[in-house]
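Colleague: Quick one: the structure is below, and I'll ask about it shortly.
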Amino acid sequence: MNEEMMAEHLANEFDYMDDEEDVIEVIDNLDEAGYPLQDGNLGVDDYDLDYGILEQLSKVSDTSAAMARCQKDIQGIPWDRLSLTREKYRQTRLEQYQNYENITDSGKRASKEYCNVKSEGDYYDFFYNSRSVKPTILHFQLRNLVCATSKHDVYLMSNFSVMHYSSLTQKLSEVINFSGLIKPTEKYQGSLLEGFDQTQISTLAVKHNFLVAGGFQGELTCKHLDKQGVSFCARTTYEDNAITNAVEIYDSLSGGIHFMASNNDCAVREYEMENFQLVTHLPFPWAVNHTSMSPDRKLITVVGDHVDGLLVDALTGKIVASVVGHQDYSFASAWHPNGWIFATGNQDKTCRVWDVRNLSKALAVLPGKLGAARSIRFSADGQYMVVAEPADFVHIYNTKNNYESRQEIDFFGEISGVSLSPDDESLYIGVWDRTYASLMQYNRRHPYNYLDSYF
């Protein structure tokens, strides 16, 4: 992610925010390309609704599966009180939404390679939309800010705070508030004991009872979820272009827990999480936007501000192969649990699926509806692949059907992140919008499901 190619006013706003209100003001008025939104919302409320009704909308109750079966809109949008239909507004969004490209006409060139995909799948059922949860984003290209650690437990960013939400109790609690001073309560070599003040969080990962948050100035904050306070604070770099674009937590071959940080200073860093020490520092010729460790811990996918991706030997750091085919910069990657298949998401509006045994051509070139493929997740059993666009659409592909069929989850709003629970039973989608912000939950469909069961 090349900061010089972003809108200059956007970068300046993020660099010099004074307080939480400034953050809210900026994120409420940005669209996918970093340009101002209409009043910071979807715009549907501009159609014949007075202020009194708008005020009521902010208090609209959550939506359950039972309500949705009775024809209530899953987001609570009152289409019957608007002067346009949902279908008409969807068509307007498709026609007017501008996908951000670093390379002009990359989407047009990539469209010539699209696979024929049928939107006929039905793999996850809508279960609940929680309006009390308010996911937010701070960077229009970085959308990994939702992490499910169980079927009922989700961590997400909401303004300056990392929040925990329990879908079982429907309770929301604050885990870390970054609006003030954050100082580590434990001492480790390399940790900044003075901590950070007003950290702007760009990416989030939660796994194995650990939380790692990356910041706009290269900050890394690590926390044990079962301990009070923060364990470790560090700066990956003091360069101006230092955004932490992605973090991933995984089990290392040595048996310990490690995490990997992808940064705008053209580097990938691996840390062990026992003493939070740097294990590996891998330099690259361009900003690294995302990395993924293979299931056997032998290969790393590296994508960033270049049309080609890389496969890197995890032990030696040497480049094993280039991944050639995308037309723009990539911001997402993920491995299938079989260890042979991986996927990359790009601003050319495609998600491409690859086989490490033959990288001469992608196995599938999967088109988006609205914009870039910003986030990718494979289910733990390998049967499904979830791809999130920047707004409005999340796609679930059937991997066993050669990615030829997909379920299309259709709603309105910017996507802060998507996450499958470790058992694949729940899919969570963070939706950011001034009026209709929420956390959406879909549950995996089974032939023996009990109706609306929480367990």
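Following the order of the structure tokens, chains are lettered A, B, ..., residues in each are numbered from 1, and ligands are numbered from 1.
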Could you list, with a cut-off of 10 Å and counting only C-alpha atoms, the residues of segment 70-94 of chain A near segment 387-398 of chain A, each shown with its nearest atom pair and the distance in Å rounded to one decimal, rows sorted by chain and ascending number, as a Markdown table?

Modeller:
```
| residue | atom | partner | partner_atom | distance |
| --- | --- | --- | --- | --- |
| A:Arg90 | CA | A:Asp392 | CA | 9.2 |
| A:Arg93 | CA | A:Asp392 | CA | 9.1 |
| A:Leu94 | CA | A:Asp392 | CA | 9.7 |
```

Colleague: What is the distance, in Å and to one decimal place, between atom CA of Arg109 of chain A and atom CA of Lys349 of chain A?

Modeller: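 These atoms are spaced 10.2 Å apart.
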
Colleague: Compile the contact shell of Arg374 of chain A as a list of chain:residue names: residues with an atom at most 9 Å away, counting only C-alpha atoms, same-chain residues fewer than 5 positions apart removed.

Modeller: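 That gives A:Gln141, A:Leu142, A:Arg143, A:Asn144, A:Ser330, A:Phe331, A:Ala332, A:Gly345, A:Asn346, A:Gln347, A:Val387, A:Ala388, A:Glu389, A:Pro390, A:Gly417.
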
Colleague: What gap, in Å, lies between atom CA of Asn289 of chain A and atom CA of Phe378 of chain A?

Modeller: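 Atom CA of Phe378 of chain A lies at a distance of 18.8 Å from atom CA of Asn289 of chain A.
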
Colleague: Pick out the residues sitting within 6 Å of Asp328 of chain A, and hand them over as a ChimeraX atom specification; count only C-alpha atoms, and ignore anything fewer than 5 positions along from it in its own chain.

Modeller: /A:103,106,307,347-348

Colleague: Would you please work out which residue, of A:Leu168, A:Leu253, A:Leu370, A:Val302, is nearest to Ala343 of chain A when using only C-alpha atoms?

Modeller: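 Closest candidate: A:Val302.
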
Colleague: I'd like the neighbourhood of segment 314-317 of chain A as a short mmCIF file (atom, residue, chain, number, x, y, z; two decimals) with N, CA, C and O atoms, in the first residue's frame, where a residue qualifies if any of its atoms comes within 9 Å (using only C-alpha atoms), though same-chain residues fewer than 3 positions away should be ignored.

Modeller:
```cif
data_model
loop_
_atom_site.label_atom_id
_atom_site.label_comp_id
_atom_site.auth_asym_id
_atom_site.auth_seq_id
_atom_site.Cartn_x
_atom_site.Cartn_y
_atom_site.Cartn_z
N THR A 280 12.42 -13.26 12.80
CA THR A 280 12.80 -13.11 11.40
C THR A 280 12.39 -11.75 10.88
O THR A 280 11.31 -11.24 11.21
N HIS A 281 13.27 -11.16 10.07
CA HIS A 281 12.98 -9.88 9.41
C HIS A 281 13.27 -10.07 7.93
O HIS A 281 14.43 -10.24 7.52
N LEU A 282 12.22 -10.06 7.11
CA LEU A 282 12.36 -10.30 5.68
C LEU A 282 12.08 -9.02 4.90
O LEU A 282 10.96 -8.51 4.93
N MET A 293 0.80 -17.75 6.36
CA MET A 293 1.66 -18.90 6.57
C MET A 293 0.91 -20.17 6.15
O MET A 293 -0.25 -20.37 6.50
N SER A 294 1.59 -21.04 5.40
CA SER A 294 0.96 -22.28 4.94
C SER A 294 0.72 -23.22 6.12
O SER A 294 1.38 -23.12 7.16
N ARG A 297 3.66 -24.78 7.59
CA ARG A 297 4.62 -23.78 8.06
C ARG A 297 5.89 -23.72 7.20
O ARG A 297 6.92 -23.23 7.63
N LYS A 298 5.80 -24.15 5.95
CA LYS A 298 6.98 -24.15 5.07
C LYS A 298 6.99 -22.99 4.08
O LYS A 298 8.05 -22.59 3.61
N LEU A 299 5.81 -22.45 3.75
CA LEU A 299 5.73 -21.39 2.74
C LEU A 299 4.92 -20.21 3.27
O LEU A 299 4.01 -20.37 4.08
N ILE A 300 5.28 -19.03 2.78
CA ILE A 300 4.55 -17.81 3.11
C ILE A 300 4.10 -17.15 1.81
O ILE A 300 4.90 -16.96 0.89
N VAL A 320 10.63 -18.48 -3.50
CA VAL A 320 10.50 -19.77 -4.16
C VAL A 320 9.86 -19.61 -5.54
O VAL A 320 10.26 -20.26 -6.51
#
```

Colleague: Which is closer to Lys318 of chain A than all the others in A:Phe284, A:Leu220, A:Thr344, A:Glu95, using only C-alpha atoms?

Modeller: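 Of the candidates, the smallest distance to Lys318 of chain A is held by A:Phe284.
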
Colleague: Would you mind listing what lies within 6 Å of Phe232 of chain A as a ChimeraX atom specification, with only C-alpha atoms counted and same-chain residues fewer than 3 positions away left out?

Modeller: /A:184,191,221-222

Colleague: Write a file of the just-selected residues containing C-alpha atoms, as a short mmCIF file (atom, residue, chain, number, x, y, z; two decimals), in the first residue's frame.

Modeller:
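Output saved as again_32.cif:
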```
data_model
loop_
_atom_site.label_atom_id
_atom_site.label_comp_id
_atom_site.auth_asym_id
_atom_site.auth_seq_id
_atom_site.Cartn_x
_atom_site.Cartn_y
_atom_site.Cartn_z
CA PRO A 184 2.84 -2.58 28.99
CA SER A 191 9.20 -3.44 24.68
CA THR A 221 0.39 -4.14 20.86
CA CYS A 222 0.16 -7.65 22.32
#
```

Colleague: Find the residues near Glu425 of chain A: any atom within 10 Å, counting only C-alpha atoms, skip ones fewer than 2 places away on the same chain, and give them as a list in words.

Modeller: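 In the requested format, the answer is Tyr124, Ser150, Lys151, His152, Ser379, Leu420, Ser421, Pro422, Asp423, Leu427, Tyr442, Asn443, Arg444, Arg445, His446 and Phe455 of chain A.
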
Colleague: Between atom CA of Thr203 of chain A and atom CA of Pro367 of chain A, what is the spacing in Å?

Modeller: 24.9 Å

Colleague: Identify which of the residues A:Ala246, A:Ile257, A:Gly325, A:Glu404 lies closest to Val288 of chain A, counting only C-alpha atoms when measuring atom-to-atom distances.

Modeller: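 Using only C-alpha atoms, Val288 of chain A sits closest to A:Ala246.
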
Colleague: Apply DSSP to the backbone of this structure and, from segment 98-335 of chain A, keep only the residues in strand (DSSP E); write these as a ChimeraX atom specification.

Modeller: /A:124-130,146-148,153-158,161-166,171-177,181-182,196-197,201-207,210-215,219-224,232-235,244-251,257-263,267-272,277-283,288-293,299-304,309-313,319-323,330-335

Colleague: Any chance you can output those residues with C-alpha atoms as an mmCIF file, in the first residue's frame?

Modeller:
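As a result, out.cif now contains:
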```
data_model
loop_
_atom_site.group_PDB
_atom_site.id
_atom_site.type_symbol
_atom_site.label_atom_id
_atom_site.label_comp_id
_atom_site.auth_asym_id
_atom_site.auth_seq_id
_atom_site.Cartn_x
_atom_site.Cartn_y
_atom_site.Cartn_z
ATOM 1 C CA TYR A 124 -24.847 -20.287 5.710
ATOM 2 C CA ASP A 125 -28.182 -18.987 7.021
ATOM 3 C CA PHE A 126 -28.795 -15.530 8.415
ATOM 4 C CA PHE A 127 -29.056 -15.768 12.210
ATOM 5 C CA TYR A 128 -28.765 -12.338 13.852
ATOM 6 C CA ASN A 129 -27.913 -8.706 13.207
ATOM 7 C CA SER A 130 -26.724 -6.828 16.298
ATOM 8 C CA VAL A 146 -13.103 -8.730 12.997
ATOM 9 C CA CYS A 147 -11.895 -11.949 14.676
ATOM 10 C CA ALA A 148 -14.093 -14.818 15.915
ATOM 11 C CA ASP A 153 -17.038 -14.872 20.814
ATOM 12 C CA VAL A 154 -16.000 -12.051 18.487
ATOM 13 C CA TYR A 155 -13.365 -9.308 18.787
ATOM 14 C CA LEU A 156 -13.559 -6.183 16.657
ATOM 15 C CA MET A 157 -12.515 -2.539 16.404
ATOM 16 C CA SER A 158 -15.018 0.153 17.293
ATOM 17 C CA SER A 161 -11.517 0.408 21.231
ATOM 18 C CA VAL A 162 -11.043 -3.316 20.790
ATOM 19 C CA MET A 163 -14.390 -4.781 21.825
ATOM 20 C CA HIS A 164 -15.516 -8.290 22.721
ATOM 21 C CA TYR A 165 -19.022 -9.389 21.796
ATOM 22 C CA SER A 166 -20.764 -12.532 23.004
ATOM 23 C CA LYS A 171 -23.211 -8.414 25.734
ATOM 24 C CA LEU A 172 -20.497 -6.060 24.518
ATOM 25 C CA SER A 173 -17.392 -5.282 26.579
ATOM 26 C CA GLU A 174 -14.249 -3.218 26.057
ATOM 27 C CA VAL A 175 -10.919 -5.063 25.933
ATOM 28 C CA ILE A 176 -8.473 -2.213 25.166
ATOM 29 C CA ASN A 177 -9.121 1.492 24.729
ATOM 30 C CA LEU A 181 -2.018 6.053 26.970
ATOM 31 C CA ILE A 182 -1.370 2.314 26.673
ATOM 32 C CA PHE A 196 1.698 4.526 23.055
ATOM 33 C CA ASP A 197 -0.756 7.389 23.147
ATOM 34 C CA ILE A 201 -5.409 0.644 14.886
ATOM 35 C CA SER A 202 -5.157 -0.579 11.302
ATOM 36 C CA THR A 203 -5.379 -4.366 11.726
ATOM 37 C CA LEU A 204 -6.257 -6.975 14.341
ATOM 38 C CA ALA A 205 -5.662 -10.671 15.040
ATOM 39 C CA VAL A 206 -6.927 -12.792 17.957
ATOM 40 C CA LYS A 207 -6.080 -16.461 18.451
ATOM 41 C CA PHE A 210 -3.556 -13.776 22.372
ATOM 42 C CA LEU A 211 -4.498 -10.464 20.807
ATOM 43 C CA VAL A 212 -2.218 -8.506 18.460
ATOM 44 C CA ALA A 213 -3.172 -5.053 17.175
ATOM 45 C CA GLY A 214 -1.181 -3.193 14.525
ATOM 46 C CA GLY A 215 -1.120 0.581 14.190
ATOM 47 C CA GLU A 219 2.901 -0.012 16.425
ATOM 48 C CA LEU A 220 2.396 -3.550 17.693
ATOM 49 C CA THR A 221 0.392 -4.136 20.863
ATOM 50 C CA CYS A 222 0.158 -7.653 22.317
ATOM 51 C CA LYS A 223 -2.156 -8.831 25.066
ATOM 52 C CA HIS A 224 -2.902 -12.091 26.893
ATOM 53 C CA PHE A 232 4.056 -5.903 25.003
ATOM 54 C CA CYS A 233 4.327 -2.670 22.992
ATOM 55 C CA ALA A 234 6.787 -2.118 20.145
ATOM 56 C CA ARG A 235 7.408 -0.133 16.991
ATOM 57 C CA THR A 244 1.039 -2.244 9.960
ATOM 58 C CA ASN A 245 -1.123 -3.655 7.182
ATOM 59 C CA ALA A 246 -1.788 -7.143 8.523
ATOM 60 C CA VAL A 247 -0.961 -9.497 11.404
ATOM 61 C CA GLU A 248 -1.398 -13.271 11.637
ATOM 62 C CA ILE A 249 -1.064 -15.530 14.695
ATOM 63 C CA TYR A 250 -0.128 -19.191 14.166
ATOM 64 C CA ASP A 251 1.517 -22.255 15.727
ATOM 65 C CA ILE A 257 2.958 -19.464 19.161
ATOM 66 C CA HIS A 258 4.267 -16.871 16.698
ATOM 67 C CA PHE A 259 2.804 -13.927 14.842
ATOM 68 C CA MET A 260 3.771 -12.238 11.601
ATOM 69 C CA ALA A 261 3.407 -8.522 10.812
ATOM 70 C CA SER A 262 3.221 -7.100 7.276
ATOM 71 C CA ASN A 263 4.280 -3.476 6.998
ATOM 72 C CA ALA A 267 9.169 -5.794 5.372
ATOM 73 C CA VAL A 268 7.678 -8.841 7.063
ATOM 74 C CA ARG A 269 8.574 -9.548 10.694
ATOM 75 C CA GLU A 270 8.018 -12.729 12.665
ATOM 76 C CA TYR A 271 7.812 -12.664 16.477
ATOM 77 C CA GLU A 272 7.613 -15.475 19.010
ATOM 78 C CA GLN A 277 11.156 -11.357 20.496
ATOM 79 C CA LEU A 278 11.809 -10.760 16.804
ATOM 80 C CA VAL A 279 12.670 -14.050 15.083
ATOM 81 C CA THR A 280 12.797 -13.115 11.399
ATOM 82 C CA HIS A 281 12.982 -9.882 9.408
ATOM 83 C CA LEU A 282 12.360 -10.301 5.676
ATOM 84 C CA PRO A 283 12.840 -7.270 3.368
ATOM 85 C CA VAL A 288 3.777 -5.684 2.002
ATOM 86 C CA ASN A 289 0.009 -5.598 2.417
ATOM 87 C CA HIS A 290 -0.688 -9.151 3.567
ATOM 88 C CA THR A 291 1.032 -12.447 4.342
ATOM 89 C CA SER A 292 -0.242 -15.947 5.128
ATOM 90 C CA MET A 293 1.660 -18.903 6.570
ATOM 91 C CA LEU A 299 5.727 -21.394 2.743
ATOM 92 C CA ILE A 300 4.553 -17.812 3.111
ATOM 93 C CA THR A 301 2.353 -15.993 0.619
ATOM 94 C CA VAL A 302 3.446 -12.368 0.311
ATOM 95 C CA VAL A 303 1.324 -9.791 -1.523
ATOM 96 C CA GLY A 304 1.587 -6.028 -1.651
ATOM 97 C CA GLY A 309 2.661 -12.026 -5.433
ATOM 98 C CA LEU A 310 5.441 -14.165 -3.983
ATOM 99 C CA LEU A 311 5.876 -17.564 -2.378
ATOM 100 C CA VAL A 312 8.667 -17.428 0.190
ATOM 101 C CA ASP A 313 10.473 -20.232 2.001
ATOM 102 C CA ILE A 319 11.713 -16.423 -2.834
ATOM 103 C CA VAL A 320 10.497 -19.767 -4.161
ATOM 104 C CA ALA A 321 8.158 -18.548 -6.905
ATOM 105 C CA SER A 322 6.283 -15.555 -8.255
ATOM 106 C CA VAL A 323 2.497 -15.595 -8.494
ATOM 107 C CA SER A 330 -3.262 -7.283 -3.594
ATOM 108 C CA PHE A 331 -4.470 -6.911 0.006
ATOM 109 C CA ALA A 332 -5.583 -10.413 0.957
ATOM 110 C CA SER A 333 -4.334 -13.990 0.950
ATOM 111 C CA ALA A 334 -5.244 -17.284 2.611
ATOM 112 C CA TRP A 335 -4.327 -20.974 2.522
#
```

Colleague: Could you tell me which of A:Leu145, A:Ala437, A:Ala362, A:Val386 comes closest to Glu408 of chain A if we count only C-alpha atoms?

Modeller: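 Once distances to Glu408 of chain A are computed over only C-alpha atoms, the minimum belongs to A:Val386.
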